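Chemist: Input coords_20.cif, format and content: mmCIF, N, CA and C atoms.
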data_coords
#
loop_
_atom_site.label_atom_id
_atom_site.label_comp_id
_atom_site.auth_asym_id
_atom_site.auth_seq_id
_atom_site.Cartn_x
_atom_site.Cartn_y
_atom_site.Cartn_z
N MET A 1 0.60 -19.90 -4.81
CA MET A 1 1.45 -18.79 -5.18
C MET A 1 2.91 -19.22 -5.06
N GLU A 2 3.66 -18.96 -6.06
CA GLU A 2 5.07 -19.33 -6.06
C GLU A 2 5.91 -18.24 -5.40
N GLN A 3 6.82 -18.67 -4.51
CA GLN A 3 7.69 -17.70 -3.86
C GLN A 3 8.60 -17.04 -4.87
N ARG A 4 8.77 -15.76 -4.69
CA ARG A 4 9.70 -15.00 -5.55
C ARG A 4 11.08 -15.07 -4.90
N ILE A 5 11.83 -14.01 -4.96
CA ILE A 5 13.18 -14.02 -4.38
C ILE A 5 13.13 -14.23 -2.87
N ASN A 6 14.24 -14.67 -2.35
CA ASN A 6 14.42 -14.81 -0.92
C ASN A 6 15.24 -13.60 -0.47
N ILE A 7 14.58 -12.66 0.21
CA ILE A 7 15.25 -11.42 0.62
C ILE A 7 16.45 -11.70 1.54
N GLU A 8 16.33 -12.73 2.36
CA GLU A 8 17.42 -13.04 3.29
C GLU A 8 18.73 -13.30 2.56
N THR A 9 18.65 -13.90 1.38
CA THR A 9 19.87 -14.14 0.60
C THR A 9 20.09 -13.07 -0.47
N ALA A 10 19.03 -12.56 -1.05
CA ALA A 10 19.17 -11.58 -2.14
C ALA A 10 19.64 -10.21 -1.64
N SER A 11 19.29 -9.88 -0.41
CA SER A 11 19.69 -8.60 0.17
C SER A 11 20.04 -8.83 1.64
N SER A 12 21.03 -9.67 1.84
CA SER A 12 21.31 -10.19 3.18
C SER A 12 21.70 -9.12 4.19
N GLU A 13 22.43 -8.11 3.79
CA GLU A 13 22.85 -7.08 4.74
C GLU A 13 21.65 -6.30 5.27
N ALA A 14 20.75 -5.93 4.38
CA ALA A 14 19.54 -5.21 4.80
C ALA A 14 18.63 -6.11 5.63
N TRP A 15 18.51 -7.38 5.23
CA TRP A 15 17.69 -8.33 5.99
C TRP A 15 18.24 -8.48 7.41
N LYS A 16 19.57 -8.59 7.53
CA LYS A 16 20.19 -8.71 8.86
C LYS A 16 19.92 -7.47 9.71
N ALA A 17 19.92 -6.30 9.09
CA ALA A 17 19.64 -5.07 9.83
C ALA A 17 18.19 -5.05 10.32
N LEU A 18 17.27 -5.47 9.47
CA LEU A 18 15.87 -5.53 9.88
C LEU A 18 15.68 -6.57 10.97
N TYR A 19 16.35 -7.69 10.84
CA TYR A 19 16.29 -8.72 11.88
C TYR A 19 16.82 -8.17 13.20
N ALA A 20 17.91 -7.43 13.15
CA ALA A 20 18.47 -6.82 14.37
C ALA A 20 17.47 -5.86 15.00
N LEU A 21 16.76 -5.11 14.17
CA LEU A 21 15.72 -4.22 14.68
C LEU A 21 14.62 -5.03 15.36
N SER A 22 14.27 -6.17 14.81
CA SER A 22 13.27 -7.04 15.42
C SER A 22 13.72 -7.57 16.77
N VAL A 23 14.99 -7.85 16.89
CA VAL A 23 15.52 -8.30 18.18
C VAL A 23 15.38 -7.19 19.21
N ILE A 24 15.66 -5.97 18.80
CA ILE A 24 15.52 -4.82 19.70
C ILE A 24 14.06 -4.66 20.12
N THR A 25 13.15 -4.70 19.17
CA THR A 25 11.73 -4.49 19.51
C THR A 25 11.18 -5.63 20.35
N SER A 26 11.77 -6.82 20.24
CA SER A 26 11.30 -7.95 21.06
C SER A 26 11.63 -7.75 22.53
N LYS A 27 12.56 -6.88 22.83
CA LYS A 27 12.98 -6.60 24.22
C LYS A 27 12.22 -5.43 24.84
N TYR A 28 11.29 -4.86 24.11
CA TYR A 28 10.54 -3.70 24.62
C TYR A 28 9.72 -4.05 25.86
N ASP A 29 9.31 -2.99 26.57
CA ASP A 29 8.53 -3.12 27.80
C ASP A 29 7.11 -3.61 27.58
N LEU A 30 6.64 -3.61 26.35
CA LEU A 30 5.29 -4.08 26.07
C LEU A 30 5.15 -5.53 26.49
N SER A 31 3.96 -5.91 26.92
CA SER A 31 3.73 -7.32 27.29
C SER A 31 3.75 -8.18 26.03
N PRO A 32 3.97 -9.48 26.20
CA PRO A 32 3.92 -10.37 25.02
C PRO A 32 2.58 -10.25 24.27
N ILE A 33 1.48 -10.15 25.00
CA ILE A 33 0.17 -10.01 24.35
C ILE A 33 0.11 -8.71 23.56
N GLN A 34 0.57 -7.61 24.13
CA GLN A 34 0.56 -6.33 23.41
C GLN A 34 1.40 -6.43 22.14
N LYS A 35 2.57 -7.03 22.24
CA LYS A 35 3.44 -7.18 21.07
C LYS A 35 2.74 -7.98 19.96
N HIS A 36 2.07 -9.06 20.37
CA HIS A 36 1.38 -9.89 19.38
C HIS A 36 0.18 -9.17 18.78
N LEU A 37 -0.56 -8.41 19.59
CA LEU A 37 -1.70 -7.66 19.05
C LEU A 37 -1.23 -6.68 17.98
N ILE A 38 -0.11 -6.02 18.22
CA ILE A 38 0.44 -5.10 17.22
C ILE A 38 0.81 -5.86 15.95
N LYS A 39 1.54 -6.95 16.10
CA LYS A 39 1.99 -7.72 14.93
C LYS A 39 0.83 -8.26 14.11
N VAL A 40 -0.16 -8.82 14.80
CA VAL A 40 -1.30 -9.40 14.08
C VAL A 40 -2.12 -8.30 13.42
N ARG A 41 -2.38 -7.21 14.14
CA ARG A 41 -3.23 -6.16 13.55
C ARG A 41 -2.56 -5.52 12.34
N VAL A 42 -1.29 -5.22 12.44
CA VAL A 42 -0.56 -4.67 11.28
C VAL A 42 -0.64 -5.64 10.11
N SER A 43 -0.44 -6.91 10.38
CA SER A 43 -0.46 -7.92 9.32
C SER A 43 -1.84 -8.08 8.71
N GLN A 44 -2.89 -7.93 9.52
CA GLN A 44 -4.26 -7.96 8.98
C GLN A 44 -4.47 -6.80 8.01
N ILE A 45 -4.08 -5.63 8.44
CA ILE A 45 -4.26 -4.44 7.59
C ILE A 45 -3.52 -4.61 6.27
N ASN A 46 -2.31 -5.16 6.33
CA ASN A 46 -1.48 -5.31 5.14
C ASN A 46 -1.78 -6.58 4.34
N GLY A 47 -2.69 -7.40 4.84
CA GLY A 47 -3.04 -8.62 4.12
C GLY A 47 -1.90 -9.60 4.01
N CYS A 48 -1.10 -9.71 5.06
CA CYS A 48 0.07 -10.60 5.03
C CYS A 48 -0.28 -11.93 5.68
N ALA A 49 -0.65 -12.91 4.87
CA ALA A 49 -1.07 -14.22 5.37
C ALA A 49 0.07 -14.91 6.13
N TYR A 50 1.28 -14.81 5.62
CA TYR A 50 2.42 -15.44 6.28
C TYR A 50 2.55 -14.94 7.72
N CYS A 51 2.51 -13.62 7.90
CA CYS A 51 2.69 -13.04 9.24
C CYS A 51 1.47 -13.24 10.13
N ILE A 52 0.28 -13.17 9.57
CA ILE A 52 -0.92 -13.44 10.36
C ILE A 52 -0.84 -14.86 10.91
N ASN A 53 -0.51 -15.80 10.06
CA ASN A 53 -0.39 -17.20 10.47
C ASN A 53 0.63 -17.36 11.59
N MET A 54 1.81 -16.82 11.41
CA MET A 54 2.87 -16.98 12.38
C MET A 54 2.53 -16.30 13.71
N HIS A 55 2.06 -15.07 13.66
CA HIS A 55 1.89 -14.31 14.89
C HIS A 55 0.60 -14.65 15.65
N THR A 56 -0.41 -15.17 14.97
CA THR A 56 -1.58 -15.64 15.72
C THR A 56 -1.21 -16.90 16.51
N LYS A 57 -0.41 -17.77 15.92
CA LYS A 57 0.05 -18.97 16.63
C LYS A 57 0.87 -18.57 17.86
N GLU A 58 1.77 -17.62 17.68
CA GLU A 58 2.58 -17.15 18.80
C GLU A 58 1.72 -16.50 19.87
N ALA A 59 0.72 -15.73 19.45
CA ALA A 59 -0.17 -15.08 20.41
C ALA A 59 -0.93 -16.10 21.24
N LEU A 60 -1.41 -17.15 20.60
CA LEU A 60 -2.12 -18.20 21.33
C LEU A 60 -1.19 -18.88 22.33
N ARG A 61 0.04 -19.13 21.93
CA ARG A 61 1.01 -19.74 22.85
C ARG A 61 1.33 -18.81 24.03
N SER A 62 1.20 -17.50 23.81
CA SER A 62 1.47 -16.53 24.88
C SER A 62 0.26 -16.29 25.78
N GLY A 63 -0.86 -16.94 25.46
CA GLY A 63 -2.03 -16.81 26.32
C GLY A 63 -3.16 -15.98 25.76
N GLU A 64 -3.01 -15.45 24.55
CA GLU A 64 -4.11 -14.71 23.94
C GLU A 64 -5.23 -15.68 23.62
N THR A 65 -6.45 -15.18 23.62
CA THR A 65 -7.60 -16.05 23.36
C THR A 65 -7.95 -16.06 21.88
N GLN A 66 -8.55 -17.15 21.46
CA GLN A 66 -9.02 -17.24 20.08
C GLN A 66 -10.07 -16.16 19.81
N GLN A 67 -10.97 -15.96 20.74
CA GLN A 67 -12.05 -14.99 20.53
C GLN A 67 -11.49 -13.60 20.25
N ARG A 68 -10.51 -13.16 21.04
CA ARG A 68 -9.93 -11.83 20.81
C ARG A 68 -9.21 -11.78 19.47
N LEU A 69 -8.52 -12.85 19.10
CA LEU A 69 -7.86 -12.86 17.80
C LEU A 69 -8.88 -12.84 16.67
N PHE A 70 -9.99 -13.58 16.84
CA PHE A 70 -11.04 -13.56 15.81
C PHE A 70 -11.63 -12.16 15.65
N LEU A 71 -11.70 -11.41 16.73
CA LEU A 71 -12.33 -10.08 16.71
C LEU A 71 -11.34 -8.93 16.58
N LEU A 72 -10.06 -9.23 16.45
CA LEU A 72 -9.06 -8.17 16.41
C LEU A 72 -9.30 -7.17 15.28
N SER A 73 -9.75 -7.63 14.15
CA SER A 73 -9.98 -6.70 13.03
C SER A 73 -11.15 -5.76 13.30
N ALA A 74 -11.96 -6.07 14.31
CA ALA A 74 -13.09 -5.21 14.72
C ALA A 74 -12.94 -4.81 16.19
N TRP A 75 -11.72 -4.59 16.64
CA TRP A 75 -11.43 -4.31 18.04
C TRP A 75 -12.22 -3.13 18.59
N ASN A 76 -12.48 -2.14 17.75
CA ASN A 76 -13.19 -0.95 18.23
C ASN A 76 -14.69 -1.16 18.38
N GLU A 77 -15.18 -2.32 17.99
CA GLU A 77 -16.60 -2.65 18.08
C GLU A 77 -16.91 -3.60 19.22
N THR A 78 -15.92 -3.89 20.06
CA THR A 78 -16.12 -4.87 21.13
C THR A 78 -15.52 -4.37 22.44
N ASP A 79 -16.02 -4.91 23.54
CA ASP A 79 -15.47 -4.59 24.85
C ASP A 79 -14.44 -5.61 25.30
N LEU A 80 -14.01 -6.49 24.41
CA LEU A 80 -13.02 -7.51 24.77
C LEU A 80 -11.61 -6.93 24.92
N PHE A 81 -11.41 -5.72 24.43
CA PHE A 81 -10.11 -5.07 24.53
C PHE A 81 -10.21 -3.92 25.52
N THR A 82 -9.18 -3.77 26.34
CA THR A 82 -9.16 -2.71 27.34
C THR A 82 -9.00 -1.35 26.67
N PRO A 83 -9.33 -0.28 27.36
CA PRO A 83 -9.09 1.06 26.80
C PRO A 83 -7.61 1.27 26.44
N GLU A 84 -6.71 0.73 27.24
CA GLU A 84 -5.28 0.82 26.95
C GLU A 84 -4.94 0.10 25.65
N GLU A 85 -5.47 -1.10 25.49
CA GLU A 85 -5.23 -1.85 24.25
C GLU A 85 -5.83 -1.14 23.05
N LYS A 86 -7.01 -0.55 23.25
CA LYS A 86 -7.63 0.17 22.14
C LYS A 86 -6.80 1.38 21.73
N ALA A 87 -6.24 2.08 22.70
CA ALA A 87 -5.38 3.22 22.38
C ALA A 87 -4.15 2.74 21.61
N MET A 88 -3.59 1.62 22.04
CA MET A 88 -2.42 1.05 21.37
C MET A 88 -2.77 0.61 19.94
N LEU A 89 -3.92 -0.04 19.79
CA LEU A 89 -4.34 -0.50 18.46
C LEU A 89 -4.66 0.66 17.53
N ARG A 90 -5.27 1.71 18.06
CA ARG A 90 -5.57 2.88 17.23
C ARG A 90 -4.26 3.51 16.73
N LEU A 91 -3.29 3.65 17.62
CA LEU A 91 -1.99 4.20 17.23
C LEU A 91 -1.32 3.29 16.19
N THR A 92 -1.37 2.00 16.43
CA THR A 92 -0.80 1.02 15.50
C THR A 92 -1.42 1.15 14.11
N GLU A 93 -2.74 1.27 14.07
CA GLU A 93 -3.43 1.39 12.78
C GLU A 93 -3.06 2.67 12.07
N GLU A 94 -2.99 3.78 12.81
CA GLU A 94 -2.68 5.05 12.15
C GLU A 94 -1.24 5.09 11.65
N VAL A 95 -0.33 4.44 12.37
CA VAL A 95 1.05 4.34 11.87
C VAL A 95 1.07 3.49 10.60
N THR A 96 0.35 2.38 10.61
CA THR A 96 0.31 1.48 9.45
C THR A 96 -0.35 2.15 8.25
N LEU A 97 -1.38 2.92 8.51
CA LEU A 97 -2.11 3.61 7.44
C LEU A 97 -1.72 5.09 7.38
N ILE A 98 -0.45 5.38 7.60
CA ILE A 98 0.06 6.74 7.72
C ILE A 98 -0.32 7.62 6.52
N HIS A 99 -0.48 7.00 5.36
CA HIS A 99 -0.81 7.74 4.15
C HIS A 99 -2.22 8.35 4.20
N ASN A 100 -3.08 7.84 5.08
CA ASN A 100 -4.45 8.38 5.15
C ASN A 100 -4.50 9.77 5.74
N HIS A 101 -3.96 9.94 6.93
CA HIS A 101 -4.00 11.26 7.59
C HIS A 101 -2.95 11.38 8.67
N GLY A 102 -1.94 10.55 8.62
CA GLY A 102 -0.90 10.58 9.65
C GLY A 102 -1.43 10.01 10.95
N VAL A 103 -0.75 10.35 12.04
CA VAL A 103 -1.22 10.00 13.38
C VAL A 103 -1.88 11.24 13.94
N SER A 104 -3.16 11.13 14.23
CA SER A 104 -3.91 12.30 14.69
C SER A 104 -3.50 12.72 16.10
N ASP A 105 -3.70 13.99 16.41
CA ASP A 105 -3.43 14.48 17.76
C ASP A 105 -4.28 13.74 18.79
N GLN A 106 -5.51 13.46 18.43
CA GLN A 106 -6.42 12.75 19.34
C GLN A 106 -5.87 11.36 19.68
N THR A 107 -5.40 10.64 18.68
CA THR A 107 -4.84 9.31 18.90
C THR A 107 -3.58 9.38 19.75
N TYR A 108 -2.72 10.34 19.47
CA TYR A 108 -1.49 10.50 20.23
C TYR A 108 -1.79 10.86 21.68
N GLN A 109 -2.73 11.76 21.89
CA GLN A 109 -3.10 12.16 23.25
C GLN A 109 -3.74 11.00 24.02
N GLU A 110 -4.57 10.21 23.34
CA GLU A 110 -5.19 9.05 23.97
C GLU A 110 -4.11 8.05 24.39
N ALA A 111 -3.14 7.80 23.54
CA ALA A 111 -2.04 6.90 23.89
C ALA A 111 -1.28 7.44 25.10
N GLY A 112 -1.13 8.75 25.16
CA GLY A 112 -0.43 9.38 26.27
C GLY A 112 -1.11 9.21 27.62
N LYS A 113 -2.39 8.90 27.62
CA LYS A 113 -3.11 8.64 28.87
C LYS A 113 -2.67 7.32 29.50
N TYR A 114 -2.20 6.40 28.67
CA TYR A 114 -1.87 5.05 29.14
C TYR A 114 -0.39 4.72 29.08
N PHE A 115 0.35 5.41 28.22
CA PHE A 115 1.73 5.03 27.97
C PHE A 115 2.67 6.23 28.11
N SER A 116 3.86 5.95 28.59
CA SER A 116 4.91 6.97 28.65
C SER A 116 5.38 7.28 27.23
N PRO A 117 6.10 8.40 27.06
CA PRO A 117 6.66 8.68 25.73
C PRO A 117 7.54 7.54 25.21
N GLU A 118 8.28 6.89 26.12
CA GLU A 118 9.14 5.78 25.71
C GLU A 118 8.32 4.61 25.17
N VAL A 119 7.22 4.29 25.84
CA VAL A 119 6.40 3.17 25.39
C VAL A 119 5.64 3.55 24.10
N ILE A 120 5.23 4.80 23.98
CA ILE A 120 4.62 5.23 22.71
C ILE A 120 5.62 5.03 21.58
N GLY A 121 6.88 5.37 21.83
CA GLY A 121 7.92 5.14 20.84
C GLY A 121 8.08 3.66 20.52
N GLN A 122 7.94 2.83 21.55
CA GLN A 122 8.05 1.38 21.34
C GLN A 122 6.89 0.86 20.50
N ILE A 123 5.70 1.37 20.72
CA ILE A 123 4.54 0.98 19.91
C ILE A 123 4.77 1.38 18.45
N ILE A 124 5.20 2.61 18.26
CA ILE A 124 5.45 3.11 16.90
C ILE A 124 6.52 2.27 16.20
N MET A 125 7.64 2.02 16.88
CA MET A 125 8.71 1.24 16.27
C MET A 125 8.30 -0.21 16.03
N SER A 126 7.47 -0.77 16.92
CA SER A 126 6.98 -2.13 16.71
C SER A 126 6.11 -2.20 15.46
N ALA A 127 5.24 -1.21 15.30
CA ALA A 127 4.37 -1.17 14.11
C ALA A 127 5.20 -0.98 12.84
N ILE A 128 6.18 -0.10 12.89
CA ILE A 128 7.03 0.15 11.73
C ILE A 128 7.78 -1.11 11.33
N THR A 129 8.34 -1.80 12.32
CA THR A 129 9.10 -3.02 12.04
C THR A 129 8.20 -4.09 11.43
N MET A 130 7.00 -4.25 11.99
CA MET A 130 6.09 -5.25 11.46
C MET A 130 5.64 -4.89 10.05
N ASN A 131 5.43 -3.62 9.79
CA ASN A 131 5.08 -3.19 8.44
C ASN A 131 6.18 -3.56 7.45
N ALA A 132 7.43 -3.42 7.86
CA ALA A 132 8.54 -3.79 6.97
C ALA A 132 8.52 -5.28 6.67
N TRP A 133 8.34 -6.11 7.71
CA TRP A 133 8.28 -7.55 7.49
C TRP A 133 7.11 -7.93 6.59
N ASN A 134 5.95 -7.28 6.79
CA ASN A 134 4.79 -7.55 5.93
C ASN A 134 5.10 -7.25 4.48
N ARG A 135 5.75 -6.15 4.24
CA ARG A 135 6.03 -5.75 2.87
C ARG A 135 6.99 -6.74 2.20
N ILE A 136 7.92 -7.27 2.98
CA ILE A 136 8.81 -8.29 2.43
C ILE A 136 8.02 -9.56 2.10
N ALA A 137 7.24 -10.03 3.06
CA ALA A 137 6.51 -11.29 2.85
C ALA A 137 5.50 -11.20 1.72
N VAL A 138 4.79 -10.08 1.64
CA VAL A 138 3.76 -9.93 0.59
C VAL A 138 4.42 -9.78 -0.78
N SER A 139 5.45 -8.95 -0.87
CA SER A 139 6.05 -8.70 -2.19
C SER A 139 6.85 -9.89 -2.72
N THR A 140 7.29 -10.77 -1.84
CA THR A 140 8.07 -11.94 -2.28
C THR A 140 7.25 -13.22 -2.29
N HIS A 141 5.96 -13.12 -1.94
CA HIS A 141 5.07 -14.30 -1.85
C HIS A 141 5.64 -15.35 -0.90
N LYS A 142 6.05 -14.89 0.28
CA LYS A 142 6.60 -15.83 1.28
C LYS A 142 5.55 -16.88 1.59
N PRO A 143 5.90 -18.16 1.46
CA PRO A 143 4.92 -19.21 1.68
C PRO A 143 4.61 -19.43 3.16
N ILE A 144 3.38 -19.78 3.46
CA ILE A 144 2.98 -20.08 4.83
C ILE A 144 3.58 -21.42 5.21
N VAL A 145 4.13 -21.45 6.41
CA VAL A 145 4.71 -22.69 6.93
C VAL A 145 3.91 -23.10 8.17
N ASP A 146 3.62 -24.38 8.26
CA ASP A 146 2.89 -24.86 9.44
C ASP A 146 3.78 -25.43 10.48
#
Could you write out this file's structure as structure tokens?
Modeler:
Amino acid sequence: MEQRINIETASSEAWKALYALSVITSKYDLSPIQKHLIKVRVSQINGCAYCINMHTKEALRSGETQQRLFLLSAWNETDLFTPEEKAMLRLTEEVTLIHNHGVSDQTYQEAGKYFSPEVIGQIIMSAITMNAWNRIAVSTHKPIVD
């Protein structure tokens, strides 16, 4: 697949703003593993090969296991993820697939059992930011780099 435009140069001001948002979300209270689970799961849903490639490598370097990454797309079918992680992943999926039915009250309440309102906001903003990066990479055919 041939790369299309380079958003960083074609729309540099907006790209810089999104990058600044990423810097903010990188400082959130979520653990490195939680941050990577959000990034990889959002990217799986959106079919973003560039981001899946990048963030699975980062997750492995942060201590995530291959087995959990292999099973992330079926997280709700395994006991490898904690109830807290499952609540986070469910919220992440519903934010990513917002067009289906929004974020359900049940999902929000479940997240509230494990996370403060501030951390719920951090999960939501992390998912939103990753969705934006996925949309850039997919629509511009960003090439995978090793």
Chemist: Please identify every residue of stretch 61-142 of chain A that has at least one atom no farther than 8 Å from an atom of stretch 4-23 of chain A, counting all atoms listed in the file, and for each give the shortest atom pair and the distance in Å to one decimal, arranged by chain then increasing number, as JSON lines.
Modeler:
{"residue": "A:Met125", "atom": "C", "partner": "A:Leu21", "partner_atom": "C", "distance": 8.0}
{"residue": "A:Thr129", "atom": "CA", "partner": "A:Ser22", "partner_atom": "N", "distance": 6.7}
{"residue": "A:Met130", "atom": "N", "partner": "A:Ser22", "partner_atom": "CA", "distance": 7.7}
{"residue": "A:Trp133", "atom": "N", "partner": "A:Leu18", "partner_atom": "CA", "distance": 7.9}
{"residue": "A:Ile136", "atom": "CA", "partner": "A:Ile7", "partner_atom": "CA", "distance": 7.4}
{"residue": "A:Ser139", "atom": "C", "partner": "A:Arg4", "partner_atom": "N", "distance": 6.5}
{"residue": "A:Thr140", "atom": "C", "partner": "A:Arg4", "partner_atom": "N", "distance": 3.8}
{"residue": "A:His141", "atom": "N", "partner": "A:Arg4", "partner_atom": "N", "distance": 4.7}
{"residue": "A:Lys142", "atom": "N", "partner": "A:Arg4", "partner_atom": "N", "distance": 5.7}
Chemist: Using only C-alpha atoms, find the one residue out of A:Ile123, A:Ile24, A:Met1, A:Ile98 that sits nearest to A:Ala49.
Modeler: A:Met1
Chemist: Determine the residue set returned by the PyMOL selection byres ((chain A and resi 127) around 8) for the present structure, and present it as a PDB file with N, CA and C atoms, in the frame of the given file.
Modeler:
ATOM      1  N   ILE A  38      -0.110  -6.020  18.220  1.00  0.00           N
ATOM      2  CA  ILE A  38       0.440  -5.100  17.220  1.00  0.00           C
ATOM      3  C   ILE A  38       0.810  -5.860  15.950  1.00  0.00           C
ATOM      4  N   LYS A  39       1.540  -6.950  16.100  1.00  0.00           N
ATOM      5  CA  LYS A  39       1.990  -7.720  14.930  1.00  0.00           C
ATOM      6  C   LYS A  39       0.830  -8.260  14.110  1.00  0.00           C
ATOM      7  N   VAL A  42      -1.290  -5.220  12.440  1.00  0.00           N
ATOM      8  CA  VAL A  42      -0.560  -4.670  11.280  1.00  0.00           C
ATOM      9  C   VAL A  42      -0.640  -5.640  10.110  1.00  0.00           C
ATOM     10  N   LEU A  91      -3.290   3.650  17.620  1.00  0.00           N
ATOM     11  CA  LEU A  91      -1.990   4.200  17.230  1.00  0.00           C
ATOM     12  C   LEU A  91      -1.320   3.290  16.190  1.00  0.00           C
ATOM     13  N   THR A  92      -1.370   2.000  16.430  1.00  0.00           N
ATOM     14  CA  THR A  92      -0.800   1.020  15.500  1.00  0.00           C
ATOM     15  C   THR A  92      -1.420   1.150  14.110  1.00  0.00           C
ATOM     16  N   GLU A  93      -2.740   1.270  14.070  1.00  0.00           N
ATOM     17  CA  GLU A  93      -3.430   1.390  12.780  1.00  0.00           C
ATOM     18  C   GLU A  93      -3.060   2.670  12.070  1.00  0.00           C
ATOM     19  N   VAL A  95      -0.330   4.440  12.370  1.00  0.00           N
ATOM     20  CA  VAL A  95       1.050   4.340  11.870  1.00  0.00           C
ATOM     21  C   VAL A  95       1.070   3.490  10.600  1.00  0.00           C
ATOM     22  N   THR A  96       0.350   2.380  10.610  1.00  0.00           N
ATOM     23  CA  THR A  96       0.310   1.480   9.450  1.00  0.00           C
ATOM     24  C   THR A  96      -0.350   2.150   8.250  1.00  0.00           C
ATOM     25  N   GLY A 121       6.880   5.370  21.830  1.00  0.00           N
ATOM     26  CA  GLY A 121       7.920   5.140  20.840  1.00  0.00           C
ATOM     27  C   GLY A 121       8.080   3.660  20.520  1.00  0.00           C
ATOM     28  N   GLN A 122       7.940   2.830  21.550  1.00  0.00           N
ATOM     29  CA  GLN A 122       8.050   1.380  21.340  1.00  0.00           C
ATOM     30  C   GLN A 122       6.890   0.860  20.500  1.00  0.00           C
ATOM     31  N   ILE A 123       5.700   1.370  20.720  1.00  0.00           N
ATOM     32  CA  ILE A 123       4.540   0.980  19.910  1.00  0.00           C
ATOM     33  C   ILE A 123       4.770   1.380  18.450  1.00  0.00           C
ATOM     34  N   ILE A 124       5.200   2.610  18.260  1.00  0.00           N
ATOM     35  CA  ILE A 124       5.450   3.110  16.900  1.00  0.00           C
ATOM     36  C   ILE A 124       6.520   2.270  16.200  1.00  0.00           C
ATOM     37  N   MET A 125       7.640   2.020  16.880  1.00  0.00           N
ATOM     38  CA  MET A 125       8.710   1.240  16.270  1.00  0.00           C
ATOM     39  C   MET A 125       8.300  -0.210  16.030  1.00  0.00           C
ATOM     40  N   SER A 126       7.470  -0.770  16.920  1.00  0.00           N
ATOM     41  CA  SER A 126       6.980  -2.130  16.710  1.00  0.00           C
ATOM     42  C   SER A 126       6.110  -2.200  15.460  1.00  0.00           C
ATOM     43  N   ILE A 128       6.180  -0.100  12.890  1.00  0.00           N
ATOM     44  CA  ILE A 128       7.030   0.150  11.730  1.00  0.00           C
ATOM     45  C   ILE A 128       7.780  -1.110  11.330  1.00  0.00           C
ATOM     46  N   THR A 129       8.340  -1.800  12.320  1.00  0.00           N
ATOM     47  CA  THR A 129       9.100  -3.020  12.040  1.00  0.00           C
ATOM     48  C   THR A 129       8.200  -4.090  11.430  1.00  0.00           C
ATOM     49  N   MET A 130       7.000  -4.250  11.990  1.00  0.00           N
ATOM     50  CA  MET A 130       6.090  -5.250  11.460  1.00  0.00           C
ATOM     51  C   MET A 130       5.640  -4.890  10.050  1.00  0.00           C
ATOM     52  N   ASN A 131       5.430  -3.620   9.790  1.00  0.00           N
ATOM     53  CA  ASN A 131       5.080  -3.190   8.440  1.00  0.00           C
ATOM     54  C   ASN A 131       6.180  -3.560   7.450  1.00  0.00           C
ATOM     55  N   ALA A 132       7.430  -3.420   7.860  1.00  0.00           N
ATOM     56  CA  ALA A 132       8.540  -3.790   6.970  1.00  0.00           C
ATOM     57  C   ALA A 132       8.520  -5.280   6.670  1.00  0.00           C
ATOM     58  N   TRP A 133       8.340  -6.110   7.710  1.00  0.00           N
ATOM     59  CA  TRP A 133       8.280  -7.550   7.490  1.00  0.00           C
ATOM     60  C   TRP A 133       7.110  -7.930   6.590  1.00  0.00           C
TER      61      TRP A 133
END
Chemist: Measuring between all atoms listed in the file, which one of A:Gly112, A:Pro143, A:Gly102, A:Pro32 shows the shortest distance to A:Ala59?
Modeler: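 Ranking A:Gly112, A:Pro143, A:Gly102, A:Pro32 by distance to A:Ala59, first place goes to A:Pro32.
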Chemist: Expressed in Å to a single decimal, how great is the separation between atom CA of A:Val138 and atom CA of A:Leu71?
Modeler: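 Separating atom CA of A:Val138 from atom CA of A:Leu71 is a distance of 22.8 Å.
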Chemist: Of the candidates A:Cys51, A:Ile45, A:Leu30, A:Ala111, which one gets nearest to A:Ala137 if we count only N, CA and C atoms?
Modeler: A:Cys51
Chemist: How far is it from atom N of A:Arg41 to atom N of A:Lys27, in Å with one decimal?
Modeler: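 Between atom N of A:Arg41 and atom N of A:Lys27 the gap works out to 17.3 Å.
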Chemist: Can you tell me, as a PyMOL selection string, which residues in chain A count as alpha helix (DSSP H) by DSSP?
Modeler: chain A and resi 7-10+12-26+32-46+49-61+66-71+83-96+98-101+105-114+117-139
Chemist: Atom CA of A:Val40 to atom C of A:Ile52: how many Å, to one decimal?
Modeler: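 Those two atoms sit 6.3 Å apart.
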Chemist: Just need the box for stretch 111-125 of chain A, edges along x, y and z, holding every atom the file lists for it with 3 Å tacked onto each side, so centre and edge lengths in Å to one decimal, as JSON.
Modeler:
{"center_x": 3.0, "center_y": 4.6, "center_z": 22.8, "size_x": 18.3, "size_y": 15.6, "size_z": 19.5}
Chemist: Between A:Asp29, A:His99, A:Glu84, A:Arg135, which one has atoms that come closest to A:Tyr114, using all atoms listed in the file?
Modeler: A:Glu84
Chemist: Which protein, DNA or RNA residues are at most 8 Å from (-5.6, -13.5, 16.7) in the file's coordinates when you count all atoms listed in the file, listed as a PyMOL selection string?
Modeler: chain A and resi 36-37+40-41+52+55-57+59-60+64-73
Chemist: Mind dumping stretch 120-133 of chain A from that block, keeping C-alpha atoms, as a PDB file, in the first residue's frame?
Modeler:
ATOM      1  CA  ILE A 120     -12.553   7.270  33.979  1.00  0.00           C
ATOM      2  CA  GLY A 121     -11.961  10.575  32.196  1.00  0.00           C
ATOM      3  CA  GLN A 122      -8.386   9.506  31.515  1.00  0.00           C
ATOM      4  CA  ILE A 123      -9.556   6.212  29.995  1.00  0.00           C
ATOM      5  CA  ILE A 124     -12.061   8.034  27.806  1.00  0.00           C
ATOM      6  CA  MET A 125      -9.521  10.633  26.654  1.00  0.00           C
ATOM      7  CA  SER A 126      -6.902   7.927  26.011  1.00  0.00           C
ATOM      8  CA  ALA A 127      -9.359   6.028  23.820  1.00  0.00           C
ATOM      9  CA  ILE A 128     -10.394   9.193  21.982  1.00  0.00           C
ATOM     10  CA  THR A 129      -6.781  10.168  21.323  1.00  0.00           C
ATOM     11  CA  MET A 130      -5.897   6.700  20.049  1.00  0.00           C
ATOM     12  CA  ASN A 131      -8.960   6.689  17.804  1.00  0.00           C
ATOM     13  CA  ALA A 132      -7.740   9.949  16.251  1.00  0.00           C
ATOM     14  CA  TRP A 133      -4.273   8.513  15.579  1.00  0.00           C
TER      15      TRP A 133
END
